[in-house]
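These notes are about the structure you will find just below.
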Amino acid sequence: MQAEEHADRPPLDVRALDTLVGGSPAGVAVFDEDLRYVYVNPALERLNGVPAAAHLGRTIAEVLPEVDVRLDVLRRVLADGRPRDLTTSGQTWVDSAVKRRYWRGACHRLQERGRVSGLMVIAQEITATQNEREELLRARSYLTLLDNAAVSVGTTLDVGTTCQELADFVVPLMADVAVVEMIPEDDGHTRREPPAGVLRLRRAGVATVPELADAIAQFGGPGADIDYQEDAAVPRCLAADGPVVENLYGDEQLSRAAPSPERVEAYRAIGLHSAVAVPLTARGRPLGVLSLLRAGDSPPFTEGLDVVVARTLAGRAAIDIDHAFRYTHEHRIAGELQRSLLSEPRGPNPGIEIASLYLPAGAGALVGGDWFDAIPLQGGRHLKVMGDVMGHGVEAAVAMSNYRSMLRIMAEDDQPPHRILERLDKAVEQSGLDRAATCLVAVVDRREGVCEVASAGHPPPVLIDPGASRARVAPLVAGPPLGTGFGGYRTTVVPCGPGTVLFMYTDGLVERRGEDIDVSIERLTRLTLPAGGRLEDLLDEVVDRFADTAEDDIAVLVSRSRGY
């Protein structure tokens with residue numbers, strides 16, 4: 001175990017050294033001043049997987065080419081004699097399932113008769129400790145990741161945005177590529193059927209590290225339909241409602257993870273080597289899959305912390321996606337129902353012109369409960385109604401439909417407006433509708449040139465006389481909203497001759513935060529319309545003057561009689 005001795009160096013007492021450290025459980029190596037091995041103990045033989053004789057006279061790089069050693073530290077110890085600790089990593093000739101091993105070494109200079117004779121390094125493997133430390137650091141970073149997810153994913157009620165936020169959030173912290181794919185919803189659109197034995201998902205979010213962006217783009221972005229063979233990782237993930245980890249070391253593994261055989265070569269070309277698919281499930285219903293992929297030098301996914309964090313993120317995101325799905329579904333139903341109720345009303349008879357307008361408060365808001373209607377009566381008279389159900393969404397739209405249907409039944413008896421509201425109020429109370437509504441009923445008698453009006457908590461109509469410099473507000477006494485059971489409605493008769501425009505609206509047109517409602521209504525008196533002017537032009541003026549500052553839905557119904 002002793003290298004050739006040099007005449008100008010004191011000889012190394014190998015027997016004494018072996019007696020001292022030969023039985024040590026720590027690996028011990030002694031180097032000469034050129035940092036070549038001159039002694040190794042049995043423990044170091046076992047650590048390196050190399051016999052002692054194969055060390056002697058050679059450098060560390062020659063014996064262990066895959067070990068990263070700080071030679072500059074060793075040389076400083078030789079130069080100044082101050083002991084130092086250092087950490088090395090890499091792989092020795094010992095078979096190991098660990099990708100990278102770690103050792104901690106203490107370095108001491110040796111001296112004989114006042115002269116430097118070499119360097120001793122005492123080393124112990126700390127791979128487990130180092131891995132635990134790295135796992136702890138990774139766990140801490142993942143905990144921070146989970147905390148940040150609450151404010152970064154699900155910021156809107158849009159499904160596509162939420163899916164893209166999820167993909168963006170996990171790259172590059174957890175993956176080099178993230179893909180979110182959803183089970184297609186039945187939204188009324190016709191789609192081609194997938195082949196037998198194929199699962200078709202709709203890609204909803206994709207994120208990659210910059211260096212893979214071009215390569216991943218070839219696989220399809222958000223909106224693309226992706227077909228998976230039934231034994232691929234994603235279908236297995238959905239079938240088991242659990243994570244599937246694939247380390248893609250060969251074509252067999254690649255083919256199981258890929259949607260189709262054609263993708264295997266493409267995956268190999270960009271260096272994808274590890275994948276995990278986790279289900280997106282909410283309320284017991286599968287929504288889709290989050291797939292994370294790693295490439296190049298990134299470590300493979302493990303069954304431990306990687307999967308736990310990925311599944312936690314997917315579970316949280318699934319709740320946000322489910323909320324977005326339900327919102328979208330409800331918004332679509334409510335919108336369709338409201339559009340059917342707010343369709344342009346036909347004139348009750350040829351002598352009446354009618355135009356209408358509906359503006360939702362915002363593109364992302366649920367539709368409200370505004371409605372209007374026009375109903376012909378006997379003797380050339382006609383009834384117009386404007387209503388506003390409290391709240392938004394499907395429930396408000398359904399209640400709006402019920403109110404409208406009941407009012408049409410009441411109108412058939414040809415009663416004055418206050419009687420119609422009284423009967424409607426009682427009917428609502430008996431029907432169990434739990435949503436109150438404001439309502440304005442107006443009956444125009446073209447022969448008499450008058451308009452009978454009654455209000456259930458609704459803003460008064462405005463009348464625009466032909467050629468007048470200002471419009472006038474009908475002086476109504478408003479009763480309580482419908483559904484309260486209090487009654488007490490009154491009919492007011494106001495002049496409404498040929499050419500006079502009856503302007504009815506919901507409170508979204510006039511209510512402004514910090515402003516008295518009477519001031520807002522008074523602003524409507526500035527509306528004018530030349531004799532013979534188009535009702536549509538009047539509605540355009542309303543949009544120009546009031547739409548930008550509106551905080552609620554706006555519905556407007558305007559009508560004009562041409563005489564009898």
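Quick note on naming: the chains in the structure tokens go A, B, ... in the order shown, residues restart at 1 in each chain, and ligands are numbered from 1 in order of appearance.
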Task: Nearby residues (only C-alpha atoms) at most 12 Å from A:Ile521, same-chain spacing under 4 positions excluded, as a PyMOL selection string - done: chain A and resi 458-462+471-475+503-512+515-517+525-527+546
Written selection (C-alpha atoms) as an mmCIF file, in the first residue's frame:
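File written: out.cif
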data_model
loop_
_atom_site.group_PDB
_atom_site.id
_atom_site.type_symbol
_atom_site.label_atom_id
_atom_site.label_comp_id
_atom_site.auth_asym_id
_atom_site.auth_seq_id
_atom_site.Cartn_x
_atom_site.Cartn_y
_atom_site.Cartn_z
ATOM 1 C CA HIS A 458 -90.181 51.037 -10.100
ATOM 2 C CA PRO A 459 -88.770 54.354 -11.406
ATOM 3 C CA PRO A 460 -91.383 56.531 -13.189
ATOM 4 C CA PRO A 461 -91.589 56.698 -16.976
ATOM 5 C CA VAL A 462 -90.516 59.729 -18.984
ATOM 6 C CA ALA A 471 -89.115 65.581 -21.594
ATOM 7 C CA ARG A 472 -91.435 65.213 -18.580
ATOM 8 C CA VAL A 473 -91.383 62.709 -15.735
ATOM 9 C CA ALA A 474 -94.720 61.079 -14.917
ATOM 10 C CA PRO A 475 -95.733 62.128 -11.350
ATOM 11 C CA PHE A 503 -89.858 56.014 -22.243
ATOM 12 C CA MET A 504 -89.670 53.144 -19.709
ATOM 13 C CA TYR A 505 -86.422 51.854 -18.143
ATOM 14 C CA THR A 506 -84.864 49.911 -15.275
ATOM 15 C CA ASP A 507 -82.940 51.501 -12.427
ATOM 16 C CA GLY A 508 -79.577 50.592 -13.981
ATOM 17 C CA LEU A 509 -80.066 53.578 -16.291
ATOM 18 C CA VAL A 510 -80.311 56.135 -13.499
ATOM 19 C CA GLU A 511 -78.805 54.776 -10.280
ATOM 20 C CA ARG A 512 -75.317 56.153 -9.607
ATOM 21 C CA GLU A 515 -76.073 60.576 -6.335
ATOM 22 C CA ASP A 516 -79.702 61.060 -5.309
ATOM 23 C CA ILE A 517 -82.047 59.024 -7.532
ATOM 24 C CA THR A 525 -85.703 65.143 -19.037
ATOM 25 C CA ARG A 526 -82.919 66.359 -21.309
ATOM 26 C CA LEU A 527 -83.776 63.628 -23.798
ATOM 27 C CA PHE A 546 -75.551 56.696 -19.910
#
TODO: Select from stretch 473-541 of chain A everything DSSP, run on the backbone, classes as strand (DSSP E or B), then give the selection as JSON, numbers by chain.
DONE: {"A": [473, 479, 482, 492, 493, 494, 495, 501, 502, 503, 504, 505]}
Task: Polymer residues at most 12 Å from A:Leu539, only C-alpha atoms, same-chain spacing of 5 or more positions, as a list in words - done: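 So, after excluding close chain neighbours, the residues are Ile354, Ala355, Ser356, Leu357, Tyr358, Leu359, Val501, Phe503, Met504, Tyr505, Leu509, Leu527, Thr528, Leu529, Gly533, Arg534, Asp544, Arg545, Phe546, Ala547, Ile554, Ala555, Val556, Leu557, Val558 and Ser559 of chain A.
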Task: Closest of A:Ser96, A:Gln91, A:Thr328, A:Gln111 to A:Glu33 - atom-to-atom distances counting only C-alpha atoms - done: A:Gln111
TODO: Would you mind writing down, as an MDAnalysis selection string, each residue of stretch 325-497 of chain A that DSSP on the backbone assigns to alpha helix (DSSP H)?
DONE: chainID A and resid 325:341 394:411 417:431
Residues at most 9 Å from stretch 420-425 of chain A, counting only C-alpha atoms, excluding those fewer than 3 positions away in the same chain, as a PDB file with N, CA and C atoms, in the first residue's frame?
ATOM      1  N   TYR A 403     -92.783  35.883 -13.589  1.00  0.00           N
ATOM      2  CA  TYR A 403     -93.455  37.178 -13.475  1.00  0.00           C
ATOM      3  C   TYR A 403     -94.111  37.565 -14.800  1.00  0.00           C
ATOM      4  N   MET A 406     -97.246  35.399 -15.517  1.00  0.00           N
ATOM      5  CA  MET A 406     -98.386  35.755 -14.680  1.00  0.00           C
ATOM      6  C   MET A 406     -98.969  37.099 -15.073  1.00  0.00           C
ATOM      7  N   LEU A 407     -98.107  38.054 -15.414  1.00  0.00           N
ATOM      8  CA  LEU A 407     -98.626  39.363 -15.787  1.00  0.00           C
ATOM      9  C   LEU A 407     -99.441  39.284 -17.072  1.00  0.00           C
ATOM     10  N   MET A 410    -102.846  38.239 -16.127  1.00  0.00           N
ATOM     11  CA  MET A 410    -103.596  39.323 -15.490  1.00  0.00           C
ATOM     12  C   MET A 410    -104.076  40.348 -16.518  1.00  0.00           C
ATOM     13  N   ALA A 411    -103.272  40.604 -17.524  1.00  0.00           N
ATOM     14  CA  ALA A 411    -103.607  41.638 -18.504  1.00  0.00           C
ATOM     15  C   ALA A 411    -104.807  41.266 -19.357  1.00  0.00           C
ATOM     16  N   ASP A 413    -107.668  40.375 -18.528  1.00  0.00           N
ATOM     17  CA  ASP A 413    -108.940  40.823 -17.963  1.00  0.00           C
ATOM     18  C   ASP A 413    -109.177  42.305 -18.170  1.00  0.00           C
ATOM     19  N   ASP A 414    -108.226  43.009 -18.797  1.00  0.00           N
ATOM     20  CA  ASP A 414    -108.402  44.414 -19.159  1.00  0.00           C
ATOM     21  C   ASP A 414    -108.688  45.285 -17.932  1.00  0.00           C
ATOM     22  N   GLN A 415    -107.880  45.110 -16.897  1.00  0.00           N
ATOM     23  CA  GLN A 415    -108.017  45.894 -15.676  1.00  0.00           C
ATOM     24  C   GLN A 415    -107.083  47.108 -15.728  1.00  0.00           C
ATOM     25  N   PRO A 416    -107.351  48.135 -14.930  1.00  0.00           N
ATOM     26  CA  PRO A 416    -106.405  49.262 -14.859  1.00  0.00           C
ATOM     27  C   PRO A 416    -105.091  48.809 -14.249  1.00  0.00           C
ATOM     28  N   PRO A 417    -104.023  49.562 -14.467  1.00  0.00           N
ATOM     29  CA  PRO A 417    -102.686  49.125 -14.033  1.00  0.00           C
ATOM     30  C   PRO A 417    -102.582  48.768 -12.553  1.00  0.00           C
ATOM     31  N   VAL A 428     -97.930  36.251  -6.833  1.00  0.00           N
ATOM     32  CA  VAL A 428     -96.531  35.973  -6.517  1.00  0.00           C
ATOM     33  C   VAL A 428     -96.418  35.431  -5.105  1.00  0.00           C
ATOM     34  N   GLU A 429     -97.135  36.036  -4.171  1.00  0.00           N
ATOM     35  CA  GLU A 429     -97.085  35.586  -2.780  1.00  0.00           C
ATOM     36  C   GLU A 429     -97.578  34.150  -2.657  1.00  0.00           C
ATOM     37  N   GLN A 430     -98.639  33.801  -3.374  1.00  0.00           N
ATOM     38  CA  GLN A 430     -99.204  32.455  -3.301  1.00  0.00           C
ATOM     39  C   GLN A 430     -98.352  31.425  -4.044  1.00  0.00           C
ATOM     40  N   CYS A 439     -91.876  46.748 -10.759  1.00  0.00           N
ATOM     41  CA  CYS A 439     -92.625  46.617 -12.012  1.00  0.00           C
ATOM     42  C   CYS A 439     -93.347  47.921 -12.318  1.00  0.00           C
ATOM     43  N   LEU A 440     -93.355  48.293 -13.568  1.00  0.00           N
ATOM     44  CA  LEU A 440     -94.071  49.474 -14.048  1.00  0.00           C
ATOM     45  C   LEU A 440     -95.027  49.021 -15.143  1.00  0.00           C
ATOM     46  N   VAL A 441     -96.321  49.319 -14.964  1.00  0.00           N
ATOM     47  CA  VAL A 441     -97.343  48.948 -15.945  1.00  0.00           C
ATOM     48  C   VAL A 441     -97.954  50.217 -16.516  1.00  0.00           C
ATOM     49  N   ALA A 454     -99.023  52.705 -13.316  1.00  0.00           N
ATOM     50  CA  ALA A 454     -98.901  52.338 -11.904  1.00  0.00           C
ATOM     51  C   ALA A 454     -97.532  51.692 -11.693  1.00  0.00           C
ATOM     52  N   SER A 455     -96.968  51.929 -10.513  1.00  0.00           N
ATOM     53  CA  SER A 455     -95.606  51.452 -10.229  1.00  0.00           C
ATOM     54  C   SER A 455     -95.575  50.626  -8.954  1.00  0.00           C
ATOM     55  N   ALA A 456     -94.870  49.496  -9.042  1.00  0.00           N
ATOM     56  CA  ALA A 456     -94.565  48.686  -7.858  1.00  0.00           C
ATOM     57  C   ALA A 456     -93.073  48.848  -7.574  1.00  0.00           C
ATOM     58  N   PRO A 481     -92.540  46.914  -3.869  1.00  0.00           N
ATOM     59  CA  PRO A 481     -92.232  45.909  -4.895  1.00  0.00           C
ATOM     60  C   PRO A 481     -93.182  44.718  -4.829  1.00  0.00           C
ATOM     61  N   LEU A 482     -93.310  44.019  -5.932  1.00  0.00           N
ATOM     62  CA  LEU A 482     -94.121  42.812  -5.991  1.00  0.00           C
ATOM     63  C   LEU A 482     -93.488  41.713  -5.149  1.00  0.00           C
ATOM     64  N   GLY A 483     -94.335  40.879  -4.576  1.00  0.00           N
ATOM     65  CA  GLY A 483     -93.848  39.776  -3.762  1.00  0.00           C
ATOM     66  C   GLY A 483     -93.789  40.091  -2.287  1.00  0.00           C
ATOM     67  N   THR A 484     -94.104  41.329  -1.911  1.00  0.00           N
ATOM     68  CA  THR A 484     -94.092  41.702  -0.487  1.00  0.00           C
ATOM     69  C   THR A 484     -95.443  41.472   0.170  1.00  0.00           C
ATOM     70  N   GLY A 485     -96.527  41.457  -0.638  1.00  0.00           N
ATOM     71  CA  GLY A 485     -97.861  41.234  -0.091  1.00  0.00           C
ATOM     72  C   GLY A 485     -98.508  42.460   0.514  1.00  0.00           C
ATOM     73  N   PHE A 486     -97.905  43.628   0.367  1.00  0.00           N
ATOM     74  CA  PHE A 486     -98.453  44.835   0.990  1.00  0.00           C
ATOM     75  C   PHE A 486     -99.509  45.512   0.119  1.00  0.00           C
ATOM     76  N   GLY A 487     -99.423  45.390  -1.210  1.00  0.00           N
ATOM     77  CA  GLY A 487    -100.379  46.045  -2.095  1.00  0.00           C
ATOM     78  C   GLY A 487    -100.263  47.552  -2.017  1.00  0.00           C
ATOM     79  N   GLY A 488    -101.430  48.231  -2.203  1.00  0.00           N
ATOM     80  CA  GLY A 488    -101.451  49.683  -2.087  1.00  0.00           C
ATOM     81  C   GLY A 488    -100.970  50.397  -3.331  1.00  0.00           C
ATOM     82  N   TYR A 489    -101.313  49.901  -4.523  1.00  0.00           N
ATOM     83  CA  TYR A 489    -100.853  50.526  -5.761  1.00  0.00           C
ATOM     84  C   TYR A 489    -101.895  51.530  -6.265  1.00  0.00           C
TER      85      TYR A 489
END
- [ ] Fewer than 4 positions away in the same chain doesn't count, so skip those; otherwise give me all residues within 6 Å of stretch 40-42 of chain A, counting only C-alpha atoms, as an MDAnalysis selection string.
- [x] chainID A and resid 22 28:29 52
Could you save those same residues with C-alpha atoms as a PDB file, in the first residue's frame?
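New file out_18.pdb:
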ATOM      1  CA  GLY A  22      -6.814   0.951   9.245  1.00  0.00           C
ATOM      2  CA  VAL A  28      -8.867   7.689   5.076  1.00  0.00           C
ATOM      3  CA  ALA A  29      -6.563   8.686   2.250  1.00  0.00           C
ATOM      4  CA  ALA A  52      -6.054   0.086  -2.475  1.00  0.00           C
TER       5      ALA A  52
END
